[in-house]
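Peer 1: Below is the file target01.txt, which contains compact mmCIF, C-alpha atoms and all ligand atoms.
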# COMPACT_ATOMS: atom_id res chain seq x y z
CA MET A 1 44.47 221.19 -30.43
CA SER A 2 40.81 220.62 -30.93
CA HIS A 3 39.72 219.78 -34.46
CA ARG A 4 36.17 220.83 -33.64
CA THR A 5 35.16 224.18 -35.14
CA LEU A 6 33.83 226.47 -32.40
CA PHE A 7 30.10 227.13 -32.73
CA ILE A 8 28.43 230.23 -31.28
CA ALA A 9 24.62 230.36 -31.38
CA GLY A 10 22.32 233.13 -30.20
CA ASN A 11 19.09 231.91 -28.62
CA TRP A 12 16.84 234.95 -28.76
CA LYS A 13 14.08 233.16 -26.80
CA MET A 14 10.86 235.25 -26.93
CA ASN A 15 12.68 238.38 -28.15
CA PRO A 16 12.71 240.94 -29.71
CA ALA A 17 9.12 242.22 -29.80
CA SER A 18 8.91 243.03 -33.51
CA ARG A 19 9.98 241.59 -36.82
CA ALA A 20 11.67 244.88 -37.71
CA SER A 21 13.91 244.72 -34.61
CA ALA A 22 14.65 241.04 -35.27
CA VAL A 23 15.71 241.78 -38.85
CA ALA A 24 17.86 244.70 -37.71
CA LEU A 25 19.61 242.48 -35.15
CA ALA A 26 20.22 239.73 -37.71
CA GLU A 27 21.56 242.24 -40.24
CA ALA A 28 23.98 243.65 -37.68
CA VAL A 29 25.23 240.15 -36.80
CA LYS A 30 25.59 239.33 -40.50
CA ALA A 31 27.59 242.53 -41.10
CA GLY A 32 29.84 241.83 -38.10
CA VAL A 33 30.58 238.23 -39.08
CA GLY A 34 31.13 239.08 -42.75
CA ALA A 35 32.58 236.17 -44.68
CA ASP A 36 34.46 234.68 -41.70
CA THR A 37 33.92 230.94 -41.32
CA SER A 38 36.67 230.21 -38.81
CA VAL A 39 33.90 230.02 -36.20
CA HIS A 40 30.38 228.72 -36.93
CA VAL A 41 27.61 231.15 -36.00
CA ALA A 42 23.84 230.74 -35.88
CA VAL A 43 20.89 232.76 -34.66
CA ALA A 44 17.69 231.31 -33.19
CA PRO A 45 14.84 233.81 -33.49
CA PRO A 46 11.22 233.17 -32.50
CA ALA A 47 9.44 230.94 -35.04
CA LEU A 48 7.30 233.77 -36.40
CA PHE A 49 10.41 235.65 -37.52
CA LEU A 50 12.29 232.71 -39.08
CA GLU A 51 11.35 233.48 -42.67
CA ALA A 52 12.20 237.16 -42.36
CA ILE A 53 15.55 236.36 -40.76
CA ASP A 54 16.27 233.75 -43.41
CA LYS A 55 15.93 236.50 -46.04
CA ALA A 56 17.99 238.93 -43.96
CA ILE A 57 20.95 236.54 -43.59
CA ASP A 58 20.80 235.30 -47.17
CA SER A 59 24.25 234.80 -48.75
CA SER A 60 25.97 234.87 -45.37
CA PRO A 61 27.60 231.95 -43.52
CA LEU A 62 25.11 232.31 -40.62
CA GLY A 63 23.00 229.33 -39.65
CA LEU A 64 19.33 229.69 -38.75
CA ALA A 65 17.94 227.74 -35.79
CA ALA A 66 14.42 227.21 -34.54
CA GLN A 67 13.95 227.04 -30.78
CA ASN A 68 11.69 223.99 -30.72
CA MET A 69 9.70 221.65 -32.96
CA HIS A 70 7.18 218.81 -32.80
CA TRP A 71 8.21 215.27 -33.70
CA LYS A 72 5.17 214.51 -35.85
CA ALA A 73 5.13 215.30 -39.55
CA ASP A 74 1.63 216.82 -39.51
CA GLY A 75 -1.75 216.52 -37.84
CA ALA A 76 -3.79 217.87 -34.98
CA TYR A 77 -1.05 219.47 -32.84
CA THR A 78 -2.27 222.97 -32.11
CA GLY A 79 0.49 225.54 -31.80
CA GLU A 80 3.26 223.24 -33.01
CA HIS A 81 5.63 223.23 -36.01
CA SER A 82 7.06 220.24 -37.87
CA ALA A 83 10.63 219.70 -39.03
CA ALA A 84 9.49 220.11 -42.66
CA MET A 85 7.95 223.49 -41.84
CA LEU A 86 11.18 224.65 -40.20
CA LEU A 87 13.18 223.53 -43.23
CA ASP A 88 10.73 225.32 -45.49
CA ALA A 89 11.28 228.51 -43.45
CA GLY A 90 15.02 228.24 -44.06
CA CYS A 91 16.22 226.59 -40.84
CA THR A 92 19.50 224.71 -40.74
CA HIS A 93 19.39 223.93 -37.00
CA VAL A 94 16.87 223.35 -34.24
CA ILE A 95 17.33 223.74 -30.48
CA LEU A 96 15.80 220.80 -28.60
CA GLY A 97 15.18 220.23 -24.91
CA HIS A 98 16.09 223.71 -23.71
CA SER A 99 15.77 223.90 -19.93
CA GLU A 100 13.02 226.49 -20.27
CA ARG A 101 11.03 223.82 -22.10
CA ARG A 102 12.11 220.94 -19.86
CA HIS A 103 11.43 222.79 -16.60
CA GLY A 104 8.90 225.40 -17.76
CA MET A 105 6.80 223.21 -20.07
CA GLY A 106 7.46 219.75 -18.64
CA GLU A 107 9.30 218.44 -21.69
CA THR A 108 10.80 215.00 -21.02
CA ASP A 109 13.87 213.16 -22.27
CA ALA A 110 11.52 210.83 -24.17
CA GLN A 111 9.97 213.79 -26.02
CA VAL A 112 13.39 215.31 -26.72
CA ASN A 113 14.41 211.95 -28.13
CA LEU A 114 11.39 211.80 -30.48
CA LYS A 115 12.15 215.34 -31.65
CA LEU A 116 15.82 214.49 -32.16
CA HIS A 117 15.02 211.52 -34.39
CA ALA A 118 12.56 213.64 -36.42
CA ALA A 119 15.05 216.51 -36.79
CA LEU A 120 17.82 214.20 -38.00
CA ALA A 121 15.50 212.41 -40.43
CA ALA A 122 14.59 215.82 -41.90
CA GLY A 123 18.21 216.95 -42.22
CA LEU A 124 18.16 219.62 -39.51
CA ILE A 125 21.19 219.89 -37.22
CA PRO A 126 19.88 219.46 -33.67
CA ILE A 127 21.29 221.37 -30.70
CA VAL A 128 20.27 219.23 -27.72
CA CYS A 129 20.37 221.00 -24.36
CA LEU A 130 21.07 219.39 -21.02
CA GLY A 131 22.07 220.57 -17.57
CA GLU A 132 21.38 220.29 -13.87
CA LEU A 133 19.32 222.42 -11.48
CA LEU A 134 21.04 224.24 -8.61
CA ALA A 135 19.58 221.81 -6.06
CA GLU A 136 20.91 218.88 -8.09
CA ARG A 137 24.41 220.41 -8.24
CA GLU A 138 24.35 221.11 -4.50
CA ALA A 139 23.27 217.53 -3.84
CA GLY A 140 26.24 216.23 -5.87
CA GLN A 141 23.95 214.87 -8.58
CA THR A 142 25.30 216.80 -11.59
CA GLU A 143 26.88 213.79 -13.29
CA SER A 144 23.94 211.46 -12.68
CA VAL A 145 21.52 214.08 -14.06
CA LEU A 146 23.66 214.54 -17.17
CA GLN A 147 23.98 210.78 -17.58
CA THR A 148 20.20 210.32 -17.42
CA GLN A 149 19.60 213.16 -19.89
CA LEU A 150 22.22 211.79 -22.29
CA SER A 151 20.92 208.24 -22.25
CA GLY A 152 17.26 209.31 -22.53
CA SER A 153 17.58 212.15 -25.03
CA LEU A 154 20.07 210.38 -27.31
CA ALA A 155 18.51 206.90 -27.21
CA GLY A 156 18.50 204.90 -30.42
CA LEU A 157 20.89 207.09 -32.40
CA THR A 158 23.49 205.41 -34.56
CA PRO A 159 27.08 206.60 -33.98
CA GLU A 160 26.96 208.26 -37.41
CA GLN A 161 23.83 210.19 -36.43
CA MET A 162 25.39 211.21 -33.13
CA GLY A 163 28.37 212.65 -34.98
CA GLY A 164 26.00 215.24 -36.49
CA VAL A 165 24.36 216.29 -33.21
CA VAL A 166 25.42 219.40 -31.29
CA LEU A 167 25.04 219.33 -27.50
CA ALA A 168 24.67 222.35 -25.23
CA TYR A 169 25.57 222.02 -21.56
CA GLU A 170 23.46 224.64 -19.83
CA PRO A 171 23.49 224.47 -16.03
CA VAL A 172 20.03 225.77 -15.16
CA TRP A 173 21.37 227.88 -12.27
CA ALA A 174 23.55 229.84 -14.72
CA ILE A 175 20.81 230.67 -17.23
CA GLY A 176 19.70 234.29 -17.16
CA THR A 177 21.12 234.72 -13.67
CA GLY A 178 24.45 236.38 -14.41
CA LYS A 179 26.01 233.46 -12.43
CA VAL A 180 28.25 231.93 -15.05
CA ALA A 181 29.82 228.54 -14.39
CA SER A 182 33.54 228.88 -13.83
CA PRO A 183 35.68 227.53 -16.68
CA GLU A 184 36.68 224.68 -14.32
CA GLN A 185 33.06 223.78 -13.47
CA ALA A 186 32.06 223.91 -17.12
CA GLN A 187 35.12 221.98 -18.32
CA ASP A 188 34.47 219.24 -15.73
CA ALA A 189 30.88 218.83 -16.94
CA HIS A 190 31.92 218.89 -20.60
CA ALA A 191 34.64 216.29 -20.00
CA PHE A 192 32.07 214.10 -18.23
CA ILE A 193 29.67 214.49 -21.18
CA ARG A 194 32.44 213.49 -23.60
CA ARG A 195 33.43 210.46 -21.51
CA THR A 196 29.79 209.40 -21.41
CA LEU A 197 29.48 209.76 -25.19
CA ALA A 198 32.60 207.61 -25.59
CA THR A 199 30.89 204.80 -23.67
CA GLN A 200 27.44 205.33 -25.17
CA PHE A 201 28.70 205.62 -28.78
CA SER A 202 32.46 205.43 -29.36
CA PRO A 203 35.61 207.38 -28.49
CA ALA A 204 35.84 208.58 -32.12
CA ILE A 205 32.29 209.94 -32.05
CA ALA A 206 32.86 211.53 -28.63
CA ALA A 207 35.88 213.34 -30.06
CA ARG A 208 33.78 214.70 -32.93
CA VAL A 209 30.71 216.04 -31.10
CA VAL A 210 30.55 219.80 -30.60
CA VAL A 211 29.50 220.61 -27.02
CA GLN A 212 28.51 224.23 -26.41
CA TYR A 213 28.33 225.86 -22.99
CA GLY A 214 25.31 228.06 -22.15
CA GLY A 215 24.48 230.18 -19.13
CA SER A 216 25.32 233.88 -18.75
CA VAL A 217 27.99 233.86 -21.46
CA LYS A 218 29.17 237.43 -22.13
CA ALA A 219 31.99 238.94 -24.18
CA ASP A 220 34.14 239.30 -21.05
CA ASN A 221 33.83 235.69 -19.81
CA ALA A 222 33.72 233.95 -23.21
CA HIS A 223 37.47 233.65 -23.70
CA GLY A 224 38.06 231.76 -20.44
CA LEU A 225 35.27 229.31 -21.20
CA LEU A 226 36.11 228.80 -24.87
CA SER A 227 39.77 228.15 -24.08
CA CYS A 228 38.83 224.96 -22.20
CA PRO A 229 39.65 221.81 -24.17
CA ASP A 230 36.15 220.31 -24.12
CA ILE A 231 34.13 223.53 -24.57
CA ASP A 232 33.42 223.95 -28.27
CA GLY A 233 31.28 227.05 -28.36
CA ALA A 234 28.47 228.86 -26.63
CA LEU A 235 24.68 228.98 -26.65
CA VAL A 236 24.03 232.58 -25.74
CA GLY A 237 20.77 234.03 -24.43
CA GLY A 238 20.69 237.60 -23.11
CA ALA A 239 23.98 238.68 -24.70
CA SER A 240 22.78 237.61 -28.16
CA LEU A 241 20.11 240.32 -28.18
CA LYS A 242 22.57 243.15 -28.74
CA ALA A 243 24.70 242.75 -31.86
CA ASP A 244 27.81 244.28 -30.28
CA ASP A 245 27.64 241.97 -27.25
CA PHE A 246 27.10 238.91 -29.45
CA LEU A 247 29.86 239.93 -31.85
CA GLY A 248 32.18 240.34 -28.86
CA ILE A 249 31.59 236.67 -28.00
CA ILE A 250 32.17 235.65 -31.63
CA GLN A 251 35.43 237.63 -31.63
CA ALA A 252 36.52 235.83 -28.45
CA ALA A 253 35.90 232.52 -30.24
CA GLN A 254 37.83 233.68 -33.30
CA ALA A 255 40.74 234.68 -31.04
CA VAL A 256 40.78 231.22 -29.41
CA THR A 257 40.66 229.58 -32.85
CA THR A 258 43.50 231.73 -34.18
CA HIS A 259 45.56 231.01 -31.08
CA GLU A 260 45.03 227.25 -31.47
CA LYS A 261 45.95 227.44 -35.15
CA ALA A 262 49.13 229.31 -34.26
CA ARG A 263 50.06 226.54 -31.79
CA ALA A 264 49.23 223.66 -34.12
P1 LIG B 301 21.62 233.46 -20.88
O1 LIG B 301 22.82 233.65 -21.77
O2 LIG B 301 20.68 234.63 -20.92
O3 LIG B 301 22.00 233.05 -19.48
O4 LIG B 301 20.77 232.23 -21.49
C1 LIG B 301 21.44 231.04 -21.80
C2 LIG B 301 20.52 230.17 -22.55
O5 LIG B 301 19.54 229.68 -22.02
C3 LIG B 301 20.81 229.93 -23.97
O6 LIG B 301 19.99 228.94 -24.49
The structure in this file should be written as structure tokens.
Ligand code: 13P
Peer 2:
Amino acid sequence: MSHRTLFIAGNWKMNPASRASAVALAEAVKAGVGADTSVHVAVAPPALFLEAIDKAIDSSPLGLAAQNMHWKADGAYTGEHSAAMLLDAGCTHVILGHSERRHGMGETDAQVNLKLHAALAAGLIPIVCLGELLAEREAGQTESVLQTQLSGSLAGLTPEQMGGVVLAYEPVWAIGTGKVASPEQAQDAHAFIRRTLATQFSPAIAARVVVQYGGSVKADNAHGLLSCPDIDGALVGGASLKADDFLGIIQAAQAVTTHEKARA
């Protein structure tokens, strides 16, 4: 049985349109999760809503994630936010290197790496995203792409630091497309990521790192994915925007956890 606690995070991306709807969504997630801590849960609203959501989820076990940050502490970086600002807004986590930033905004492994070091220094838990494009998968390059992203994005971390990093495998072709990776495809990629971490850091660290899957996760496909030995949670986009859909995924994770406990 896995000793890694499953971690479900909702990446709201640039949604919803108003603070009132964001607060309502967070309150519904908070009510649905209640005091359960068998599965870790976080929400990642747009930066402008972080403070309001922090208040809304007060005294709940929910984590609060930003979707991006700059690596510098302060200065002339128009439109950016520092790790200290995110902490001040109540964040516990920060998503780094999402494919929409890598492929939409040209973010590089070197930049993700700078952000990762800054997030860890500030005490934020980073969720570092990686994953291949469809053309890369079709060309048989999935593992080499993941290897490059892992070595570039995670460069210079001590094993102890790596133990506190969350990874999210998000095949780009599965994001927002409704084309979810099969449990076998996802498990293969996750196992590769864990083997690579064992070489890059140590087998003990590789066994500790939580690796989420992301890409069209829904309540009805979550169980199959989360039952795989190396899949430790989900980074959910579209299905995190409706509380019932998101809670359905959390319930699937709780069911997997309960099942594992029963077997242990
Ligand atoms: P979807 O769940 O909408 O495919 O998005 C996944 C994602 O990008 C989460 O970060």
Peer 1: Would you work out the distance separating CA of Thr257 in chain A from CA of Cys91 in chain A, expressed in Å to one decimal?
Peer 2: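 Between CA of Thr257 in chain A and CA of Cys91 in chain A the gap is 25.9 Å.
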Peer 1: From the options A:Leu134, A:Ile95, A:Val41, A:Leu116, which residue's atoms come nearest to ligand LIG 301 (chain B), counting only C-alpha atoms and all ligand atoms?
Peer 2: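 Closest residue, counting only C-alpha atoms and all ligand atoms: A:Ile95.
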Peer 1: Produce a table with one row for each residue of chain A that has an atom at most 7 Å from any atom of ligand LIG 301 (chain B), each row naming the nearest atom pair and its distance in Å at one decimal; use all atoms listed in the file; arrange rows by chain and rising residue number; format as JSON lines.
Peer 2:
{"residue": "A:Asn11", "atom": "CA", "partner": "B:LIG301", "partner_atom": "O6", "distance": 5.2}
{"residue": "A:His98", "atom": "CA", "partner": "B:LIG301", "partner_atom": "O6", "distance": 6.6}
{"residue": "A:Glu170", "atom": "CA", "partner": "B:LIG301", "partner_atom": "O5", "distance": 6.8}
{"residue": "A:Ala174", "atom": "CA", "partner": "B:LIG301", "partner_atom": "O3", "distance": 5.9}
{"residue": "A:Ile175", "atom": "CA", "partner": "B:LIG301", "partner_atom": "O3", "distance": 3.5}
{"residue": "A:Gly176", "atom": "CA", "partner": "B:LIG301", "partner_atom": "O3", "distance": 3.5}
{"residue": "A:Thr177", "atom": "CA", "partner": "B:LIG301", "partner_atom": "O3", "distance": 6.1}
{"residue": "A:Gly178", "atom": "CA", "partner": "B:LIG301", "partner_atom": "O3", "distance": 6.5}
{"residue": "A:Gly214", "atom": "CA", "partner": "B:LIG301", "partner_atom": "C1", "distance": 4.9}
{"residue": "A:Gly215", "atom": "CA", "partner": "B:LIG301", "partner_atom": "O3", "distance": 3.8}
{"residue": "A:Ser216", "atom": "CA", "partner": "B:LIG301", "partner_atom": "O3", "distance": 3.5}
{"residue": "A:Val217", "atom": "CA", "partner": "B:LIG301", "partner_atom": "O1", "distance": 5.2}
{"residue": "A:Leu235", "atom": "CA", "partner": "B:LIG301", "partner_atom": "C3", "distance": 4.8}
{"residue": "A:Val236", "atom": "CA", "partner": "B:LIG301", "partner_atom": "O1", "distance": 4.3}
{"residue": "A:Gly237", "atom": "CA", "partner": "B:LIG301", "partner_atom": "O1", "distance": 3.4}
{"residue": "A:Gly238", "atom": "CA", "partner": "B:LIG301", "partner_atom": "O2", "distance": 3.7}
{"residue": "A:Ala239", "atom": "CA", "partner": "B:LIG301", "partner_atom": "O1", "distance": 5.9}
Peer 1: At a cut-off of 10 Å, using only C-alpha atoms, what residues contact range 56-59 of chain A? Leave out same-chain residues fewer than 2 positions from it and give the result as a PyMOL selection string.
Peer 2: chain A and resi 22-31+35+43+50-54+61-64+90
Peer 1: Take the point (34.8, 238.9, -25.1) as written in the file and pick out every residue within 6 Å of it, counting only C-alpha atoms; give the list as a compact mmCIF listing (two decimals) with C-alpha atoms, keeping the file's coordinate frame.
Peer 2:
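Result saved to point08.txt:
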# COMPACT_ATOMS: atom_id res chain seq x y z
CA ALA A 219 31.99 238.94 -24.18
CA ASP A 220 34.14 239.30 -21.05
CA ALA A 222 33.72 233.95 -23.21
CA GLY A 248 32.18 240.34 -28.86
CA ILE A 249 31.59 236.67 -28.00
CA ALA A 252 36.52 235.83 -28.45
Peer 1: May I ask which of the residues A:Ala139, A:Ile8, A:Met162, A:Ala118 is the closest one to His40 in chain A, counting all atoms listed in the file?
Peer 2: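 Selected residue with least distance to His40 in chain A: A:Ile8.
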Peer 1: Contacts of Gln147 in chain A at 12 Å or less, counting all atoms listed in the file, minus same-chain residues fewer than 6 places along, as a ChimeraX atom specification?
Peer 2: /A:109,130-132,141,153-155,189-190,192-197,199-200
Peer 1: How many Å lie between CA of Ala255 in chain A and CA of Tyr169 in chain A, rounded to one decimal?
Peer 2: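 So the two atoms, CA of Ala255 in chain A and CA of Tyr169 in chain A, lie 21.9 Å apart.
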Peer 1: Just the residues within 10 Å of Asp74 in chain A, please, counting only C-alpha atoms, with nothing from its chain fewer than 5 positions along; format it as an MDAnalysis selection string.
Peer 2: chainID A and resid 80:85
Peer 1: For C-alpha atoms, I'd like the residues from the last selection saved as a PDB file, in the coordinates of the input.
Peer 2:
ATOM      1  CA  GLU A  80       3.260 223.240 -33.010  1.00  0.00           C
ATOM      2  CA  HIS A  81       5.630 223.230 -36.010  1.00  0.00           C
ATOM      3  CA  SER A  82       7.060 220.240 -37.870  1.00  0.00           C
ATOM      4  CA  ALA A  83      10.630 219.700 -39.030  1.00  0.00           C
ATOM      5  CA  ALA A  84       9.490 220.110 -42.660  1.00  0.00           C
ATOM      6  CA  MET A  85       7.950 223.490 -41.840  1.00  0.00           C
TER       7      MET A  85
END
Peer 1: Given all atoms listed in the file as the basis, pick out the residue of A:Thr37, A:Ser144, A:Ser202, A:Gln187 nearest to Gly224 in chain A.
Peer 2: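 Checking each candidate against Gly224 in chain A, we get A:Gln187 as the closest.
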Peer 1: Kindly give the distance, in Å, that separates CA of Leu226 in chain A and CA of Val210 in chain A, rounded to a single decimal.
Peer 2: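 Here the two named atoms are 12.0 Å from each other.
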Peer 1: In terms of the shortest atom-to-atom distance over only C-alpha atoms, which of A:Ala168, A:Ala135, A:Val39, A:Leu6 is closest to Pro229 in chain A?
Peer 2: A:Leu6
Peer 1: Could you check which residues have any atom within 10 Å of (11.4, 216.6, -29.7), counting all atoms listed in the file with coordinates taken straight from the file, and then list them as a list in words?
Peer 2: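 Checking each residue against the 10 Å limit leaves Asn68, Met69, His70, Trp71, Lys72, Ser82, Ala83, Val94, Ile95, Leu96, Gly97, Glu107, Thr108, Asp109, Ala110, Gln111, Val112, Asn113, Leu114, Lys115, Leu116, His117, Ala118, Ala119, Pro126, Val128 and Ser153 of chain A.
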Peer 1: Some atoms are missing, so please complete range 144-156 of chain A with N, CA, C and O atoms and return it as a short mmCIF file (atom, residue, chain, number, x, y, z; two decimals), keeping the file's coordinate frame.
Peer 2:
data_model
loop_
_atom_site.label_atom_id
_atom_site.label_comp_id
_atom_site.auth_asym_id
_atom_site.auth_seq_id
_atom_site.Cartn_x
_atom_site.Cartn_y
_atom_site.Cartn_z
N SER A 144 25.02 212.44 -12.46
CA SER A 144 23.94 211.46 -12.68
C SER A 144 22.80 212.09 -13.48
O SER A 144 22.17 211.43 -14.31
N VAL A 145 22.55 213.40 -13.27
CA VAL A 145 21.52 214.08 -14.06
C VAL A 145 21.93 214.11 -15.53
O VAL A 145 21.13 213.80 -16.43
N LEU A 146 23.18 214.47 -15.78
CA LEU A 146 23.66 214.54 -17.17
C LEU A 146 23.60 213.16 -17.82
O LEU A 146 23.19 213.01 -18.97
N GLN A 147 24.00 212.15 -17.06
CA GLN A 147 23.98 210.78 -17.58
C GLN A 147 22.57 210.36 -17.98
O GLN A 147 22.36 209.79 -19.06
N THR A 148 21.60 210.67 -17.13
CA THR A 148 20.20 210.32 -17.42
C THR A 148 19.72 211.07 -18.66
O THR A 148 19.06 210.50 -19.54
N GLN A 149 20.04 212.37 -18.74
CA GLN A 149 19.60 213.16 -19.89
C GLN A 149 20.25 212.65 -21.18
O GLN A 149 19.60 212.58 -22.23
N LEU A 150 21.53 212.29 -21.09
CA LEU A 150 22.22 211.79 -22.29
C LEU A 150 21.63 210.46 -22.74
O LEU A 150 21.37 210.26 -23.93
N SER A 151 21.40 209.55 -21.80
CA SER A 151 20.92 208.24 -22.25
C SER A 151 19.48 208.36 -22.75
O SER A 151 19.12 207.74 -23.76
N GLY A 152 18.66 209.18 -22.09
CA GLY A 152 17.26 209.31 -22.53
C GLY A 152 17.12 210.11 -23.81
O GLY A 152 16.43 209.69 -24.76
N SER A 153 17.77 211.26 -23.87
CA SER A 153 17.58 212.15 -25.03
C SER A 153 18.22 211.59 -26.30
O SER A 153 17.74 211.85 -27.40
N LEU A 154 19.32 210.83 -26.13
CA LEU A 154 20.07 210.38 -27.31
C LEU A 154 19.80 208.91 -27.65
O LEU A 154 20.49 208.32 -28.48
N ALA A 155 18.78 208.32 -27.02
CA ALA A 155 18.51 206.90 -27.21
C ALA A 155 18.25 206.55 -28.67
O ALA A 155 17.59 207.31 -29.39
N GLY A 156 18.81 205.44 -29.09
CA GLY A 156 18.50 204.90 -30.42
C GLY A 156 19.22 205.55 -31.57
O GLY A 156 18.97 205.20 -32.73
#
